[in-house]
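This report concerns only the one structure given below.
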Amino acid sequence: MGLFDKLFSKKECSVCGGEIGLLGNRKLEDGNLCKNCAAKLSPWFNDRRSSTVDAIRKQLDDREANRAKVAAFRTTRTLGDGTKVLLDEDAGLFMVTDARDLIDANPDVLAFSDVTGCILDIDEDRTEVMREDKDGNDVSYTPPRYKYDYDFYLTIQVRNPYFDEIRFQLNDHSIELGVGGVTTRPNPAMSMEYNRCKAMGEEMRDALLHLRQQTRDAAIASAA
């Protein structure tokens, strides 16, 4: 078989047996995966290439069983704007998703006791603002001017056979301060949007850690 034939020959999905179209193959450690099967994996799973066919089959079985958990989920509290943390405080469960149709999206349902940690990260990016000289070249101001962008991320560390963390961005666009350029770092606490995103992340983090602790305390009390 020539190189062209190897590149463009039809492949078969090692999981479902379906034909894999051109550019539709997702490599596994010991086989191939079609894009339809890949789309059913957890969105937080990122170890596909080193996973075996059997491991992927097991995850897809668990993902299918997860649908019943989603159907039984009863949201008691919603935290966040775009990507949300949904809490079922009566059942001790939560989901993280940006989907409107939960049954179709099938977000992973986890227990509060699965949480091992929760971290709020605020990323700051500084970019120099340049001016154009008489020759049309970009040159620095004197003294240099900068603009600052801020992005908020929540990382929920969990015990799960397929992923160990859920990391997502809280703001749908960067919060820009000093857009026209400033010579000194602006105080982000003066920004309403910055404070709103920070408070939202802190609420998510504190709620999950508090509910995890409540679950642990209840388990200890019932065992006593």
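Residues are referred to by chain and number: the chain letter is A, B, ... according to the order shown in the structure tokens, the number counts from 1 in that chain, and ligands are numbered separately from 1 in the order shown.
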Give me the residues of segment 125-163 of chain A that have any atom at most 7 Å from an atom of segment 174-184 of chain A; for each, the nearest atom pair and the distance in Å, rounded to one decimal. Use only C-alpha atoms, sort by chain and number, and format it as CSV.
residue,atom,partner,partner_atom,distance
A:Val129,CA,A:Gly181,CA,5.6
A:Pro143,CA,A:Thr183,CA,6.7
A:Pro144,CA,A:Thr183,CA,6.1
A:Arg145,CA,A:Gly181,CA,4.7
A:Tyr146,CA,A:Gly181,CA,4.6
A:Lys147,CA,A:Gly178,CA,4.7
A:Tyr148,CA,A:Leu177,CA,5.2
A:Asp149,CA,A:Glu176,CA,4.6
A:Tyr150,CA,A:Ile175,CA,5.0
A:Asp151,CA,A:Ser174,CA,5.4
Keeping only all heavy atoms, take the residues you just selected and write them out as a compact mmCIF listing (two decimals), in the first residue's frame.
# COMPACT_ATOMS: atom_id res chain seq x y z
N VAL A 129 1.08 49.27 25.42
CA VAL A 129 0.37 50.08 24.41
C VAL A 129 1.41 50.94 23.69
O VAL A 129 2.18 51.67 24.33
CB VAL A 129 -0.70 50.97 25.07
CG1 VAL A 129 -1.34 51.88 24.05
CG2 VAL A 129 -1.75 50.10 25.76
N PRO A 143 7.01 57.68 29.86
CA PRO A 143 7.36 56.29 30.17
C PRO A 143 6.39 55.30 29.48
O PRO A 143 5.34 55.73 28.98
CB PRO A 143 7.21 56.24 31.69
CG PRO A 143 6.17 57.27 31.99
CD PRO A 143 6.40 58.38 31.00
N PRO A 144 6.73 53.99 29.46
CA PRO A 144 5.87 53.01 28.78
C PRO A 144 4.46 52.97 29.37
O PRO A 144 4.26 53.21 30.56
CB PRO A 144 6.60 51.68 29.01
CG PRO A 144 8.01 52.07 29.29
CD PRO A 144 7.93 53.38 30.02
N ARG A 145 3.49 52.69 28.50
CA ARG A 145 2.10 52.55 28.93
C ARG A 145 1.65 51.10 28.72
O ARG A 145 2.09 50.43 27.78
CB ARG A 145 1.19 53.49 28.14
CG ARG A 145 1.50 54.97 28.31
CD ARG A 145 0.54 55.81 27.50
NE ARG A 145 0.87 57.23 27.55
CZ ARG A 145 0.19 58.17 26.92
NH1 ARG A 145 -0.87 57.83 26.17
NH2 ARG A 145 0.54 59.45 27.02
N TYR A 146 0.74 50.66 29.58
CA TYR A 146 0.29 49.27 29.51
C TYR A 146 -1.22 49.19 29.70
O TYR A 146 -1.83 50.06 30.31
CB TYR A 146 0.96 48.43 30.60
CG TYR A 146 2.47 48.41 30.52
CD1 TYR A 146 3.23 49.32 31.26
CD2 TYR A 146 3.13 47.50 29.72
CE1 TYR A 146 4.61 49.32 31.19
CE2 TYR A 146 4.52 47.49 29.64
CZ TYR A 146 5.25 48.40 30.38
OH TYR A 146 6.61 48.40 30.30
N LYS A 147 -1.79 48.12 29.16
CA LYS A 147 -3.17 47.77 29.49
C LYS A 147 -3.14 46.39 30.15
O LYS A 147 -2.24 45.59 29.91
CB LYS A 147 -4.09 47.78 28.27
CG LYS A 147 -3.94 46.63 27.30
CD LYS A 147 -4.95 46.76 26.18
CE LYS A 147 -4.90 45.58 25.23
NZ LYS A 147 -5.47 44.36 25.85
N TYR A 148 -4.13 46.13 30.97
CA TYR A 148 -4.16 44.90 31.76
C TYR A 148 -5.45 44.15 31.48
O TYR A 148 -6.54 44.74 31.45
CB TYR A 148 -4.07 45.22 33.25
CG TYR A 148 -2.74 45.80 33.67
CD1 TYR A 148 -2.43 47.15 33.42
CD2 TYR A 148 -1.78 45.02 34.29
CE1 TYR A 148 -1.21 47.69 33.80
CE2 TYR A 148 -0.55 45.55 34.68
CZ TYR A 148 -0.28 46.88 34.42
OH TYR A 148 0.94 47.41 34.78
N ASP A 149 -5.33 42.84 31.25
CA ASP A 149 -6.48 41.97 31.03
C ASP A 149 -6.55 40.95 32.17
O ASP A 149 -5.53 40.40 32.59
CB ASP A 149 -6.36 41.21 29.70
CG ASP A 149 -6.40 42.14 28.50
OD1 ASP A 149 -7.19 43.08 28.52
OD2 ASP A 149 -5.62 41.91 27.55
N TYR A 150 -7.77 40.70 32.63
CA TYR A 150 -7.97 39.75 33.73
C TYR A 150 -8.97 38.67 33.32
O TYR A 150 -10.02 38.96 32.73
CB TYR A 150 -8.48 40.49 34.98
CG TYR A 150 -7.47 41.46 35.53
CD1 TYR A 150 -7.46 42.79 35.10
CD2 TYR A 150 -6.53 41.06 36.47
CE1 TYR A 150 -6.52 43.70 35.59
CE2 TYR A 150 -5.59 41.96 36.97
CZ TYR A 150 -5.59 43.27 36.53
OH TYR A 150 -4.66 44.15 37.00
N ASP A 151 -8.60 37.42 33.62
CA ASP A 151 -9.49 36.28 33.38
C ASP A 151 -9.58 35.45 34.65
O ASP A 151 -8.58 35.29 35.38
CB ASP A 151 -8.99 35.42 32.22
CG ASP A 151 -9.12 36.12 30.88
OD1 ASP A 151 -10.25 36.48 30.52
OD2 ASP A 151 -8.09 36.30 30.20
With a distance cut-off of 8 Å and only C-alpha atoms, select the neighbouring residues of Leu41 of chain A, excluding the residue or stretch itself and same-chain residues fewer than 3 positions from it, and output the selection as a PyMOL selection string.
chain A and resi 37-38+45+59-60+63
Contacts between segment 117-120 of chain A and segment 135-172 of chain A, please, where a residue of segment 135-172 of chain A counts if it comes within 8 Å (with only C-alpha atoms); show its shortest atom pair and distance in Å to one decimal, rows by chain and ascending number, as JSON lines.
{"residue": "A:Phe152", "atom": "CA", "partner": "A:Leu120", "partner_atom": "CA", "distance": 7.3}
{"residue": "A:Tyr153", "atom": "CA", "partner": "A:Leu120", "partner_atom": "CA", "distance": 5.9}
{"residue": "A:Leu154", "atom": "CA", "partner": "A:Leu120", "partner_atom": "CA", "distance": 4.7}
{"residue": "A:Thr155", "atom": "CA", "partner": "A:Ile119", "partner_atom": "CA", "distance": 5.2}
{"residue": "A:Ile156", "atom": "CA", "partner": "A:Cys118", "partner_atom": "CA", "distance": 4.5}
{"residue": "A:Gln157", "atom": "CA", "partner": "A:Gly117", "partner_atom": "CA", "distance": 4.9}
{"residue": "A:Val158", "atom": "CA", "partner": "A:Gly117", "partner_atom": "CA", "distance": 7.0}
Write the residues of the selection above to a file with N, CA and C atoms, as a PDB file, in the first residue's frame.
ATOM      1  N   PHE A 152     -10.771  34.916  34.903  1.00  0.00           N
ATOM      2  CA  PHE A 152     -11.050  34.180  36.132  1.00  0.00           C
ATOM      3  C   PHE A 152     -11.310  32.708  35.803  1.00  0.00           C
ATOM      4  N   TYR A 153     -10.639  31.817  36.515  1.00  0.00           N
ATOM      5  CA  TYR A 153     -10.789  30.374  36.306  1.00  0.00           C
ATOM      6  C   TYR A 153     -11.049  29.688  37.646  1.00  0.00           C
ATOM      7  N   LEU A 154     -11.966  28.733  37.606  1.00  0.00           N
ATOM      8  CA  LEU A 154     -12.204  27.905  38.779  1.00  0.00           C
ATOM      9  C   LEU A 154     -11.750  26.488  38.456  1.00  0.00           C
ATOM     10  N   THR A 155     -10.941  25.920  39.335  1.00  0.00           N
ATOM     11  CA  THR A 155     -10.499  24.538  39.189  1.00  0.00           C
ATOM     12  C   THR A 155     -11.057  23.731  40.343  1.00  0.00           C
ATOM     13  N   ILE A 156     -11.922  22.774  40.013  1.00  0.00           N
ATOM     14  CA  ILE A 156     -12.501  21.881  41.020  1.00  0.00           C
ATOM     15  C   ILE A 156     -11.747  20.559  40.930  1.00  0.00           C
ATOM     16  N   GLN A 157     -11.003  20.238  41.961  1.00  0.00           N
ATOM     17  CA  GLN A 157     -10.244  18.985  41.990  1.00  0.00           C
ATOM     18  C   GLN A 157     -11.154  17.885  42.531  1.00  0.00           C
ATOM     19  N   VAL A 158     -11.159  16.743  41.825  1.00  0.00           N
ATOM     20  CA  VAL A 158     -12.115  15.686  42.160  1.00  0.00           C
ATOM     21  C   VAL A 158     -11.465  14.307  42.104  1.00  0.00           C
TER      22      VAL A 158
END
Which of segment 5-183 of chain A DSSP labels helix (DSSP H, G or I), written as a PyMOL selection string
chain A and resi 5-8+35-38+48-50+53-72+102-105+112-114
Could you please take those selected residues and save N, CA and C atoms as a CSV table (one decimal), in the first residue's frame?
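Output file result28.csv is given in full below:
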chain,number,residue,atom,x,y,z
A,5,ASP,N,-2.4,5.8,-0.2
A,5,ASP,CA,-3.4,4.9,0.2
A,5,ASP,C,-3.5,4.8,1.8
A,6,LYS,N,-2.3,4.8,2.4
A,6,LYS,CA,-2.3,4.7,3.9
A,6,LYS,C,-3.0,5.9,4.5
A,7,LEU,N,-2.7,7.1,3.9
A,7,LEU,CA,-3.3,8.3,4.5
A,7,LEU,C,-4.8,8.4,4.3
A,8,PHE,N,-5.3,7.9,3.2
A,8,PHE,CA,-6.7,8.2,2.9
A,8,PHE,C,-7.5,6.9,2.9
A,35,LYS,N,-15.5,10.2,15.6
A,35,LYS,CA,-15.8,11.5,16.2
A,35,LYS,C,-17.1,11.4,17.0
A,36,ASN,N,-18.1,10.5,16.6
A,36,ASN,CA,-19.3,10.3,17.3
A,36,ASN,C,-19.1,9.7,18.7
A,37,CYS,N,-18.3,8.7,18.7
A,37,CYS,CA,-18.0,8.1,20.0
A,37,CYS,C,-17.2,9.1,20.9
A,38,ALA,N,-16.2,9.8,20.3
A,38,ALA,CA,-15.4,10.8,21.0
A,38,ALA,C,-16.3,11.8,21.7
A,48,ARG,N,-7.2,10.7,26.1
A,48,ARG,CA,-7.7,9.8,25.1
A,48,ARG,C,-6.6,9.0,24.4
A,49,ARG,N,-5.5,9.7,24.0
A,49,ARG,CA,-4.5,9.1,23.2
A,49,ARG,C,-3.8,7.9,23.9
A,50,SER,N,-3.7,8.0,25.2
A,50,SER,CA,-3.1,6.9,26.0
A,50,SER,C,-4.1,5.9,26.6
A,53,VAL,N,-8.8,0.7,24.0
A,53,VAL,CA,-10.2,0.6,23.5
A,53,VAL,C,-11.1,0.1,24.6
A,54,ASP,N,-10.6,-0.8,25.5
A,54,ASP,CA,-11.5,-1.3,26.6
A,54,ASP,C,-11.8,-0.2,27.6
A,55,ALA,N,-10.8,0.6,27.8
A,55,ALA,CA,-11.0,1.7,28.8
A,55,ALA,C,-12.0,2.7,28.2
A,56,ILE,N,-12.0,3.0,26.9
A,56,ILE,CA,-13.0,3.9,26.3
A,56,ILE,C,-14.4,3.3,26.4
A,57,ARG,N,-14.5,2.0,26.1
A,57,ARG,CA,-15.8,1.3,26.2
A,57,ARG,C,-16.3,1.4,27.6
A,58,LYS,N,-15.5,1.2,28.6
A,58,LYS,CA,-16.0,1.3,30.0
A,58,LYS,C,-16.4,2.7,30.3
A,59,GLN,N,-15.7,3.8,29.8
A,59,GLN,CA,-16.1,5.1,30.0
A,59,GLN,C,-17.5,5.4,29.4
A,60,LEU,N,-17.6,4.9,28.1
A,60,LEU,CA,-18.9,5.2,27.4
A,60,LEU,C,-20.1,4.5,28.1
A,61,ASP,N,-19.8,3.3,28.7
A,61,ASP,CA,-20.9,2.6,29.4
A,61,ASP,C,-21.2,3.5,30.7
A,62,ASP,N,-20.2,4.0,31.3
A,62,ASP,CA,-20.5,4.8,32.5
A,62,ASP,C,-21.2,6.1,32.1
A,63,ARG,N,-20.8,6.7,31.0
A,63,ARG,CA,-21.4,7.9,30.5
A,63,ARG,C,-22.9,7.7,30.2
A,64,GLU,N,-23.2,6.5,29.7
A,64,GLU,CA,-24.6,6.2,29.4
A,64,GLU,C,-25.4,6.0,30.7
A,65,ALA,N,-24.8,5.4,31.7
A,65,ALA,CA,-25.4,5.3,33.0
A,65,ALA,C,-25.6,6.6,33.6
A,66,ASN,N,-24.7,7.6,33.3
A,66,ASN,CA,-24.8,8.9,33.9
A,66,ASN,C,-26.1,9.6,33.5
A,67,ARG,N,-26.7,9.2,32.3
A,67,ARG,CA,-27.9,9.9,31.9
A,67,ARG,C,-29.0,9.7,32.9
A,68,ALA,N,-29.1,8.6,33.5
A,68,ALA,CA,-30.1,8.4,34.5
A,68,ALA,C,-29.9,9.3,35.7
A,69,LYS,N,-28.7,9.6,36.1
A,69,LYS,CA,-28.3,10.5,37.2
A,69,LYS,C,-28.7,11.9,36.8
A,70,VAL,N,-28.5,12.3,35.5
A,70,VAL,CA,-28.9,13.6,35.1
A,70,VAL,C,-30.4,13.8,35.1
A,71,ALA,N,-31.1,12.8,34.7
A,71,ALA,CA,-32.6,12.8,34.7
A,71,ALA,C,-33.2,12.9,36.1
A,72,ALA,N,-32.5,12.3,37.1
A,72,ALA,CA,-32.9,12.3,38.5
A,72,ALA,C,-32.5,13.6,39.2
A,102,LEU,N,-29.9,19.6,29.5
A,102,LEU,CA,-29.0,18.7,30.3
A,102,LEU,C,-29.1,17.3,29.8
A,103,ILE,N,-30.2,16.8,29.4
A,103,ILE,CA,-30.3,15.4,29.0
A,103,ILE,C,-29.4,15.2,27.8
A,104,ASP,N,-29.5,16.1,26.8
A,104,ASP,CA,-28.7,15.9,25.6
A,104,ASP,C,-27.2,16.1,25.9
A,105,ALA,N,-26.8,17.1,26.8
A,105,ALA,CA,-25.4,17.3,27.1
A,105,ALA,C,-24.8,16.2,28.0
A,112,PHE,N,-20.7,15.6,46.3
A,112,PHE,CA,-19.9,16.6,47.0
A,112,PHE,C,-18.6,15.9,47.6
A,113,SER,N,-18.8,14.7,48.0
A,113,SER,CA,-17.7,13.9,48.6
A,113,SER,C,-16.5,13.7,47.6
A,114,ASP,N,-16.8,13.8,46.3
A,114,ASP,CA,-15.8,13.6,45.3
A,114,ASP,C,-14.8,14.8,45.2
